[in-house]
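Source file: structure_31.cif. Holds: mmCIF, C-alpha atoms and all ligand atoms.
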```cif
data_entry
#
loop_
_atom_site.label_atom_id
_atom_site.label_comp_id
_atom_site.auth_asym_id
_atom_site.auth_seq_id
_atom_site.Cartn_x
_atom_site.Cartn_y
_atom_site.Cartn_z
CA MET B 281 3.05 -25.85 -33.57
CA LYS B 282 1.29 -28.90 -32.04
CA THR B 283 1.28 -29.52 -28.31
CA ASN B 284 -0.78 -32.71 -28.19
CA LEU B 285 1.53 -35.42 -29.56
CA ARG B 286 1.82 -37.42 -26.35
CA GLY B 287 0.99 -41.08 -26.97
CA LYS B 288 1.08 -40.82 -30.80
CA ASP B 289 2.79 -43.67 -32.64
CA PHE B 290 5.56 -42.73 -35.09
CA ILE B 291 5.34 -45.50 -37.68
CA SER B 292 5.40 -43.37 -40.83
CA THR B 293 5.72 -39.63 -41.48
CA GLN B 294 2.73 -39.87 -43.81
CA GLU B 295 0.47 -40.42 -40.76
CA TRP B 296 1.67 -37.11 -39.27
CA THR B 297 0.60 -33.73 -40.60
CA LYS B 298 3.13 -31.23 -41.88
CA GLU B 299 2.45 -29.09 -38.81
CA GLU B 300 3.16 -32.03 -36.50
CA LEU B 301 6.39 -32.81 -38.36
CA GLU B 302 7.42 -29.15 -38.19
CA THR B 303 6.93 -29.32 -34.42
CA VAL B 304 9.38 -32.25 -34.33
CA LEU B 305 11.91 -30.32 -36.43
CA HIS B 306 11.57 -27.22 -34.29
CA LEU B 307 12.30 -29.19 -31.12
CA ALA B 308 15.07 -31.20 -32.83
CA PHE B 309 16.94 -28.00 -33.75
CA ASP B 310 16.47 -26.68 -30.20
CA LEU B 311 17.80 -29.94 -28.69
CA LYS B 312 20.75 -29.90 -31.09
CA MET B 313 21.65 -26.37 -30.00
CA LYS B 314 21.45 -27.44 -26.34
CA TRP B 315 23.68 -30.44 -27.15
CA GLY B 316 26.21 -28.09 -28.76
CA LEU B 317 26.17 -25.84 -25.68
CA ASP B 318 26.30 -28.81 -23.29
CA LEU B 319 23.06 -27.66 -21.66
CA PRO B 320 20.73 -30.23 -20.05
CA SER B 321 17.66 -31.57 -21.90
CA ARG B 322 16.19 -33.90 -19.29
CA LEU B 323 12.72 -34.12 -20.84
CA LEU B 324 12.19 -37.85 -20.16
CA GLU B 325 13.55 -38.23 -16.63
CA ASP B 326 12.75 -41.64 -15.07
CA LYS B 327 11.21 -42.87 -18.33
CA THR B 328 12.11 -46.13 -20.11
CA LEU B 329 12.28 -46.92 -23.82
CA PHE B 330 12.29 -50.56 -24.96
CA MET B 331 14.24 -51.05 -28.21
CA LEU B 332 13.44 -54.33 -29.96
CA PHE B 333 15.85 -55.17 -32.81
CA PHE B 334 15.04 -58.00 -35.24
CA PHE B 335 17.88 -56.69 -37.46
CA SER B 336 21.40 -55.36 -36.86
CA SER B 337 22.22 -51.67 -36.39
CA THR B 338 25.02 -49.22 -35.68
CA ARG B 339 23.45 -45.76 -35.90
CA THR B 340 19.89 -46.51 -34.87
CA ARG B 341 20.71 -48.42 -31.72
CA ASN B 342 23.40 -46.04 -30.51
CA SER B 343 21.53 -42.83 -31.34
CA PHE B 344 18.37 -44.01 -29.54
CA GLU B 345 20.29 -45.31 -26.56
CA ALA B 346 22.50 -42.23 -26.21
CA GLY B 347 19.42 -40.09 -26.86
CA MET B 348 17.52 -41.59 -23.93
CA THR B 349 20.56 -41.01 -21.69
CA ARG B 350 20.65 -37.40 -22.85
CA LEU B 351 16.93 -36.98 -22.08
CA GLY B 352 17.43 -38.32 -18.54
CA GLY B 353 15.76 -41.68 -19.13
CA HIS B 354 16.92 -45.20 -19.87
CA ALA B 355 16.85 -47.40 -23.01
CA ILE B 356 16.79 -51.19 -22.91
CA PHE B 357 18.25 -53.12 -25.88
CA LEU B 358 16.21 -56.21 -26.71
CA GLU B 359 16.93 -58.97 -29.22
CA PRO B 360 14.17 -61.46 -30.13
CA ASP B 361 16.47 -64.48 -29.77
CA LYS B 362 17.22 -63.50 -26.17
CA MET B 363 13.49 -63.14 -25.44
CA GLN B 364 10.63 -65.62 -25.59
CA ILE B 365 9.41 -64.41 -28.99
CA SER B 366 10.58 -67.61 -30.70
CA HIS B 367 8.79 -69.61 -27.99
CA GLY B 368 5.43 -67.92 -28.49
CA ASP B 369 5.34 -64.33 -27.18
CA THR B 370 2.90 -62.63 -29.57
CA PRO B 371 2.95 -58.97 -30.71
CA LYS B 372 -0.11 -58.44 -28.48
CA GLU B 373 1.78 -59.74 -25.43
CA ILE B 374 4.84 -57.67 -26.30
CA GLY B 375 2.70 -54.53 -26.63
CA LYS B 376 0.73 -55.07 -23.42
CA ILE B 377 3.60 -56.27 -21.23
CA LEU B 378 6.28 -53.75 -22.24
CA SER B 379 3.66 -50.96 -21.88
CA SER B 380 3.18 -51.97 -18.27
CA TYR B 381 6.90 -51.42 -17.51
CA GLY B 382 7.84 -48.36 -19.57
CA HIS B 383 6.92 -45.35 -21.67
CA GLY B 384 7.79 -46.21 -25.28
CA ILE B 385 8.46 -49.20 -27.54
CA ALA B 386 10.81 -48.79 -30.51
CA ILE B 387 11.06 -51.64 -33.04
CA ARG B 388 13.28 -52.50 -36.04
CA HIS B 389 11.83 -55.32 -38.14
CA CYS B 390 12.75 -55.15 -41.84
CA ASP B 391 11.52 -58.53 -43.14
CA TRP B 392 9.61 -57.93 -46.36
CA GLY B 393 5.87 -58.38 -45.86
CA GLU B 394 6.25 -58.78 -42.08
CA GLY B 395 7.97 -55.81 -40.41
CA ASN B 396 5.32 -53.10 -40.70
CA LYS B 397 2.56 -55.56 -39.79
CA TYR B 398 4.47 -56.56 -36.65
CA LEU B 399 4.85 -52.92 -35.56
CA ARG B 400 1.17 -52.23 -36.13
CA ASP B 401 0.15 -55.38 -34.23
CA VAL B 402 2.26 -54.29 -31.24
CA ALA B 403 0.91 -50.73 -31.49
CA GLU B 404 -2.69 -51.95 -31.48
CA HIS B 405 -2.18 -53.42 -28.01
CA ALA B 406 0.39 -51.02 -26.53
CA ARG B 407 -0.61 -48.24 -24.13
CA VAL B 408 2.58 -46.32 -24.98
CA PRO B 409 3.79 -44.92 -28.32
CA VAL B 410 5.42 -47.28 -30.80
CA ILE B 411 8.35 -45.78 -32.73
CA ASN B 412 9.49 -47.27 -36.03
CA MET B 413 13.27 -47.82 -36.05
CA GLN B 414 12.90 -49.17 -39.64
CA CYS B 415 10.50 -51.69 -41.07
CA ASP B 416 10.06 -53.18 -44.54
CA ILE B 417 8.08 -50.13 -45.72
CA TYR B 418 9.36 -47.10 -43.79
CA HIS B 419 12.47 -45.64 -42.14
CA PRO B 420 10.84 -42.46 -40.78
CA CYS B 421 13.48 -41.51 -38.18
CA GLN B 422 16.20 -41.59 -40.84
CA ALA B 423 14.05 -39.49 -43.18
CA MET B 424 13.46 -36.89 -40.44
CA ALA B 425 17.22 -36.67 -39.77
CA ASP B 426 17.79 -36.32 -43.52
CA LEU B 427 15.22 -33.54 -43.80
CA MET B 428 16.86 -31.75 -40.87
CA THR B 429 20.25 -32.06 -42.60
CA CYS B 430 18.90 -30.68 -45.88
CA MET B 431 17.30 -27.72 -44.08
CA GLU B 432 20.64 -26.98 -42.39
CA LYS B 433 22.50 -27.07 -45.69
CA LYS B 434 19.91 -25.66 -48.10
CA GLY B 435 17.21 -23.87 -46.08
CA SER B 436 13.65 -24.41 -47.35
CA LEU B 437 13.20 -27.36 -49.73
CA GLN B 438 10.66 -25.45 -51.83
CA GLY B 439 12.02 -25.33 -55.37
CA LYS B 440 14.98 -27.60 -54.59
CA LYS B 441 15.63 -30.60 -56.85
CA VAL B 442 16.07 -33.72 -54.69
CA VAL B 443 17.13 -36.95 -56.40
CA MET B 444 16.37 -40.24 -54.68
CA SER B 445 18.24 -42.70 -56.87
CA TRP B 446 18.79 -46.42 -56.87
CA ALA B 447 22.47 -47.45 -56.77
CA TYR B 448 24.23 -50.77 -57.30
CA ALA B 449 25.13 -52.90 -54.27
CA LYS B 450 26.47 -56.38 -53.64
CA SER B 451 26.10 -56.91 -49.92
CA TYR B 452 22.41 -57.89 -49.60
CA THR B 453 18.92 -57.10 -50.94
CA LYS B 454 18.26 -53.88 -49.07
CA PRO B 455 14.78 -52.79 -47.95
CA LEU B 456 12.61 -50.19 -49.71
CA SER B 457 12.06 -48.35 -46.46
CA LEU B 458 14.56 -45.49 -46.88
CA PRO B 459 13.64 -44.35 -50.41
CA GLN B 460 9.94 -44.73 -49.63
CA SER B 461 10.17 -42.56 -46.50
CA VAL B 462 12.32 -39.96 -48.27
CA ILE B 463 10.01 -39.49 -51.26
CA GLU B 464 6.93 -39.21 -49.02
CA LEU B 465 8.49 -36.79 -46.54
CA PHE B 466 10.36 -34.54 -48.99
CA THR B 467 7.29 -34.11 -51.21
CA GLN B 468 5.34 -33.09 -48.08
CA PHE B 469 7.88 -30.28 -47.63
CA GLY B 470 7.60 -28.85 -51.15
CA ALA B 471 10.72 -30.34 -52.80
CA ASP B 472 10.91 -31.21 -56.50
CA VAL B 473 11.61 -34.91 -56.03
CA THR B 474 12.96 -37.11 -58.83
CA LEU B 475 12.97 -40.84 -58.18
CA ALA B 476 15.47 -42.70 -60.40
CA HIS B 477 15.81 -46.46 -60.74
CA PRO B 478 16.17 -49.24 -63.32
CA PRO B 479 12.72 -50.51 -64.40
CA GLU B 480 12.73 -53.55 -62.07
CA PHE B 481 13.29 -51.46 -58.92
CA GLU B 482 9.97 -49.71 -58.62
CA LEU B 483 8.64 -48.78 -55.18
CA MET B 484 5.23 -49.69 -53.72
CA PRO B 485 2.34 -48.15 -55.73
CA GLU B 486 0.61 -46.60 -52.70
CA ILE B 487 3.84 -44.83 -51.69
CA LEU B 488 4.21 -43.40 -55.21
CA ARG B 489 0.58 -42.20 -55.05
CA ASN B 490 1.23 -40.55 -51.66
CA ALA B 491 4.36 -38.80 -53.00
CA GLY B 492 2.38 -37.47 -55.99
CA ASP B 493 -0.48 -36.28 -53.76
CA ASN B 494 1.95 -34.67 -51.28
CA ALA B 495 3.70 -32.79 -54.10
CA ARG B 496 0.40 -31.45 -55.43
CA MET B 497 -0.55 -30.26 -51.92
CA SER B 498 2.84 -28.69 -51.11
CA GLY B 499 3.55 -26.99 -54.44
CA GLY B 500 6.46 -29.32 -55.14
CA SER B 501 6.70 -31.98 -57.84
CA PHE B 502 7.33 -35.71 -58.16
CA ASN B 503 8.57 -37.61 -61.21
CA ILE B 504 10.19 -40.95 -61.98
CA VAL B 505 12.99 -41.62 -64.48
CA ASN B 506 14.98 -44.75 -65.38
CA ASP B 507 18.29 -42.98 -66.03
CA MET B 508 20.71 -41.96 -63.26
CA ASP B 509 22.48 -39.27 -65.35
CA GLU B 510 19.20 -37.65 -66.36
CA ALA B 511 18.13 -37.57 -62.71
CA PHE B 512 21.38 -35.99 -61.48
CA TYR B 513 21.27 -33.15 -63.99
CA ASN B 514 20.99 -29.79 -62.14
CA ALA B 515 20.16 -31.44 -58.78
CA ASP B 516 20.53 -29.64 -55.44
CA ILE B 517 20.54 -32.82 -53.38
CA VAL B 518 21.41 -36.38 -54.49
CA TYR B 519 20.65 -39.48 -52.45
CA PRO B 520 21.89 -42.59 -54.34
CA LYS B 521 21.20 -45.77 -52.38
CA SER B 522 20.57 -49.41 -53.18
CA TRP B 523 17.31 -51.28 -52.60
CA GLY B 524 15.99 -54.66 -53.73
CA PRO B 525 13.63 -55.37 -56.65
CA LEU B 526 11.11 -56.55 -54.05
CA VAL B 527 7.92 -55.25 -55.68
CA ALA B 528 8.62 -56.68 -59.15
CA ILE B 529 10.39 -59.97 -58.34
CA LYS B 530 9.44 -62.69 -55.86
CA GLU B 531 12.39 -65.14 -56.12
CA GLU B 532 15.58 -64.19 -54.23
CA SER B 533 17.80 -65.92 -56.85
CA GLN B 534 16.22 -63.87 -59.67
CA MET B 535 16.75 -60.68 -57.66
CA VAL B 536 20.51 -61.23 -57.61
CA ASP B 537 20.56 -61.73 -61.41
CA VAL B 538 18.62 -58.50 -61.97
CA ILE B 539 20.79 -56.45 -59.59
CA ARG B 540 23.95 -57.60 -61.47
CA ARG B 541 22.70 -55.93 -64.69
CA TYR B 542 23.09 -52.45 -63.21
CA GLU B 543 26.71 -52.26 -62.03
CA SER B 544 27.07 -48.88 -63.78
CA TRP B 545 24.65 -47.23 -61.29
CA ILE B 546 27.41 -45.90 -59.05
CA CYS B 547 27.68 -42.37 -57.66
CA ASP B 548 31.08 -41.13 -58.85
CA GLU B 549 32.68 -37.75 -59.49
CA ARG B 550 31.48 -37.68 -63.12
CA ARG B 551 27.87 -38.07 -61.98
CA MET B 552 28.29 -35.52 -59.20
CA SER B 553 29.50 -33.04 -61.85
CA LEU B 554 26.07 -33.29 -63.55
CA ALA B 555 24.42 -31.89 -60.42
CA LYS B 556 24.73 -28.26 -59.31
CA GLU B 557 28.19 -27.21 -58.18
CA ASP B 558 26.98 -26.83 -54.58
CA ALA B 559 24.89 -30.03 -54.60
CA ILE B 560 25.10 -32.23 -51.52
CA TYR B 561 25.61 -36.01 -51.50
CA MET B 562 23.58 -38.03 -48.99
CA HIS B 563 23.65 -41.62 -47.75
CA CYS B 564 22.05 -43.06 -44.62
CA LEU B 565 24.93 -45.58 -44.23
CA PRO B 566 26.17 -48.23 -44.25
CA ALA B 567 27.26 -47.69 -47.89
CA ASP B 568 28.90 -50.21 -50.21
CA ARG B 569 32.05 -48.22 -51.00
CA GLY B 570 33.38 -48.63 -54.54
CA ILE B 571 30.05 -50.17 -55.54
CA GLU B 572 27.25 -47.76 -54.58
CA VAL B 573 29.57 -44.76 -54.28
CA THR B 574 33.25 -43.97 -54.80
CA ASP B 575 35.48 -42.98 -51.87
CA ALA B 576 36.13 -39.64 -53.59
CA VAL B 577 32.41 -38.75 -53.38
CA ILE B 578 31.50 -40.13 -49.95
CA ASP B 579 34.67 -38.66 -48.39
CA GLY B 580 34.54 -35.52 -50.53
CA PRO B 581 33.45 -31.95 -49.76
CA GLN B 582 29.86 -32.43 -50.99
CA SER B 583 29.17 -35.37 -48.68
CA VAL B 584 26.93 -34.75 -45.63
CA VAL B 585 26.78 -38.35 -44.39
CA TYR B 586 28.14 -37.57 -40.91
CA ASP B 587 25.65 -34.72 -40.44
CA GLN B 588 22.86 -37.15 -41.33
CA ALA B 589 24.14 -39.70 -38.81
CA GLU B 590 24.48 -37.06 -36.07
CA ASN B 591 21.01 -35.68 -36.73
CA ARG B 592 19.49 -39.10 -36.08
CA MET B 593 19.89 -38.48 -32.34
CA HIS B 594 18.43 -34.97 -32.35
CA ALA B 595 15.44 -35.85 -34.56
CA GLN B 596 14.67 -38.96 -32.51
CA ASN B 597 15.05 -37.13 -29.21
CA ALA B 598 12.42 -34.68 -30.40
CA ILE B 599 10.10 -37.51 -31.45
CA MET B 600 10.57 -39.31 -28.11
CA ALA B 601 10.18 -36.14 -26.01
CA LEU B 602 6.94 -35.20 -27.79
CA THR B 603 5.34 -38.67 -27.85
CA MET B 604 6.62 -40.22 -24.60
CA GLY B 605 6.64 -37.01 -22.56
CA GLY B 606 4.90 -33.70 -22.90
CA ARG B 607 1.34 -32.89 -21.91
N1 LIG N 701 21.06 -45.67 -41.25
C1 LIG N 701 20.80 -46.62 -40.35
O1 LIG N 701 19.63 -46.90 -40.04
O2 LIG N 701 21.90 -47.20 -39.79
P1 LIG N 701 21.93 -48.53 -38.94
O3 LIG N 701 21.42 -49.64 -39.80
O4 LIG N 701 23.36 -48.72 -38.54
O5 LIG N 701 21.05 -48.35 -37.73
#
```
As structure tokens - that is how I would like this structure written.
Amino acid sequence: MKTNLRGKDFISTQEWTKEELETVLHLAFDLKMKWGLDLPSRLLEDKTLFMLFFFSSTRTRNSFEAGMTRLGGHAIFLEPDKMQISHGDTPKEIGKILSSYGHGIAIRHCDWGEGNKYLRDVAEHARVPVINMQCDIYHPCQAMADLMTCMEKKGSLQGKKVVMSWAYAKSYTKPLSLPQSVIELFTQFGADVTLAHPPEFELMPEILRNAGDNARMSGGSFNIVNDMDEAFYNADIVYPKSWGPLVAIKEESQMVDVIRRYESWICDERRMSLAKEDAIYMHCLPADRGIEVTDAVIDGPQSVVYDQAENRMHAQNAIMALTMGGR
């Protein structure tokens, strides 16, 4: 258990040790129990979190904001177009100035090639921890909530087959951040992770290397297949979710053409029957119903999507309490 996390940025789980992440999980479960018992958890009294959103959100905004209320502090919702960012405020100024008013800066910036750099530029100049609410490369708070959910449903991940699969979607070219965070984090915790996607939807090479290295260290495994049925076979946990062909293809118009080729990559009851009988279905939401997943699966008995959404608040409260408060 680590007791010295105060001031540490949470930009990716890969930059935290397994012991540090276990400390977060331990506190998250404790805070969830207190929430269930309606006991107070005022660990960040009089503290302020700034939440800067360059991209829309339902779960992330509301779980952070409600979480700060729960911890006895206050969260401020910021949108770049209501600030002076478009008129010249730099990441350095944002980091220095918001640090002088509060105790944490949380940022969502998913633009490909820009988001993670923006977070790191703010963090370089901030005197308070920077928390990643999703960038172009990582979605670490979602991955922590997902890990918590899997531990609740399945216990230890050691020896469990976890499938992170691409799925078809029409709505927009979604970031790589969720699958990348999931494969890094779940391999750190000893899972047998299978990544499945059509050939054009590969993830960033350094993330794949990290997942392989993590698996070797943790006694888990990591492999990649290009067939959704093969991946689902005998799985304990399936996580089918769309992302864009951002690594392989540069032109947006070409991306749409490539995505259209893979309409058959939907999570339906036939595919779920390939996994173990007690397998769980995961999605971080929002999902493209009827396109990424059928209603029967997402609303069915194997779905844990509402547990995942609820656990966002508890996992994030633990991260905030440890990095913005504590010793
Ligand atoms: N899963 C997730 O991050 O949801 P929002 O985009 O609604 O915040």
> In terms of the shortest atom-to-atom distance over all atoms listed in the file, which of B:Lys376, B:Lys441, B:Lys454, B:Lys530 is closest to ligand LIG 701 (chain N)?
Replying inline: B:Lys454
Report, as AutoDock Vina command-line options, the axis-aligned box around all atoms of ligand LIG 701 (chain N) present in the file, extended by 4 Å on each side; give centre and edge lengths in Å to one decimal place.
```
--center_x 21.5 --center_y -47.7 --center_z -39.5 --size_x 11.7 --size_y 12.0 --size_z 11.5
```
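The coordinates place CA of Gln414 (chain B) at 11.8 Å from CA of Pro459 (chain B).
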>> Using all atoms listed in the file, which protein or nucleic acid residues come within 10 Å of region 500-507 of chain B? Drop anything in the same chain fewer than 2 positions from it, and give the result as a VMD selection string.
In response: chain B and resid 437 to 446 463 to 464 466 to 482 488 to 489 491 to 498 509 to 512 545
>> Applying 8 Å and all atoms listed in the file, which residues near region 352-364 of chain B remain after dropping the ones on its own chain fewer than 4 positions away? List them as a PyMOL selection string.
In response: chain B and resi 321-334+341+344-345+348+368-369
Per-residue nearest contacts of chain B to ligand LIG 701 (chain N) (9 Å; only C-alpha atoms and all ligand atoms) as JSON lines:
```
{"residue": "B:Phe335", "atom": "CA", "partner": "N:LIG701", "partner_atom": "O3", "distance": 8.2}
{"residue": "B:Ser336", "atom": "CA", "partner": "N:LIG701", "partner_atom": "O3", "distance": 6.4}
{"residue": "B:Ser337", "atom": "CA", "partner": "N:LIG701", "partner_atom": "O5", "distance": 3.8}
{"residue": "B:Thr338", "atom": "CA", "partner": "N:LIG701", "partner_atom": "O4", "distance": 3.3}
{"residue": "B:Arg339", "atom": "CA", "partner": "N:LIG701", "partner_atom": "O4", "distance": 4.0}
{"residue": "B:Thr340", "atom": "CA", "partner": "N:LIG701", "partner_atom": "O5", "distance": 3.6}
{"residue": "B:Arg341", "atom": "CA", "partner": "N:LIG701", "partner_atom": "O5", "distance": 6.0}
{"residue": "B:Asn342", "atom": "CA", "partner": "N:LIG701", "partner_atom": "O5", "distance": 7.9}
{"residue": "B:Ser343", "atom": "CA", "partner": "N:LIG701", "partner_atom": "O5", "distance": 8.5}
{"residue": "B:Arg388", "atom": "CA", "partner": "N:LIG701", "partner_atom": "O5", "distance": 9.0}
{"residue": "B:Met413", "atom": "CA", "partner": "N:LIG701", "partner_atom": "O1", "distance": 7.6}
{"residue": "B:Gln414", "atom": "CA", "partner": "N:LIG701", "partner_atom": "O1", "distance": 7.1}
{"residue": "B:His419", "atom": "CA", "partner": "N:LIG701", "partner_atom": "O1", "distance": 7.6}
{"residue": "B:Cys421", "atom": "CA", "partner": "N:LIG701", "partner_atom": "O1", "distance": 8.4}
{"residue": "B:Gln422", "atom": "CA", "partner": "N:LIG701", "partner_atom": "N1", "distance": 6.4}
{"residue": "B:Leu458", "atom": "CA", "partner": "N:LIG701", "partner_atom": "N1", "distance": 8.6}
{"residue": "B:His563", "atom": "CA", "partner": "N:LIG701", "partner_atom": "N1", "distance": 8.1}
{"residue": "B:Cys564", "atom": "CA", "partner": "N:LIG701", "partner_atom": "N1", "distance": 4.4}
{"residue": "B:Leu565", "atom": "CA", "partner": "N:LIG701", "partner_atom": "N1", "distance": 4.9}
{"residue": "B:Pro566", "atom": "CA", "partner": "N:LIG701", "partner_atom": "O2", "distance": 6.3}
{"residue": "B:Gln588", "atom": "CA", "partner": "N:LIG701", "partner_atom": "N1", "distance": 8.7}
{"residue": "B:Ala589", "atom": "CA", "partner": "N:LIG701", "partner_atom": "N1", "distance": 7.1}
{"residue": "B:Arg592", "atom": "CA", "partner": "N:LIG701", "partner_atom": "N1", "distance": 8.5}
```
>> Need the shell around Gly570 (chain B): protein/DNA/RNA residues with any atom at most 12 Å away, counting only C-alpha atoms. Skip same-chain ones fewer than 6 positions apart. Format as number ranges by chain?
In response: B: 447-451, 543-549, 576-579
> Residues around (7.9, -48.6, -30.6), cut-off 12 Å, counting only C-alpha atoms - what are they as a ChimeraX atom specification?
Replying inline: /B:287-292,328-333,344,355,358,371,374-375,378-379,382-389,396,398-415,421,596,599-600,603-604
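Taking CA of Pro320 (chain B) and CA of Thr429 (chain B) as the two end points, the separation is 22.6 Å.
Among the candidates B:Ala567, B:Met535, B:Met508, B:Ile560, the residue lying nearest to Cys430 (chain B) is B:Ile560 (atoms considered: only C-alpha atoms).
You will find CA of Glu590 (chain B) at 13.8 Å from CA of Arg350 (chain B).
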> Between B:Met281, B:Leu602, B:Ile517, B:Val527, which one has atoms that come closest to Asp416 (chain B), using only C-alpha atoms?
Replying inline: B:Val527
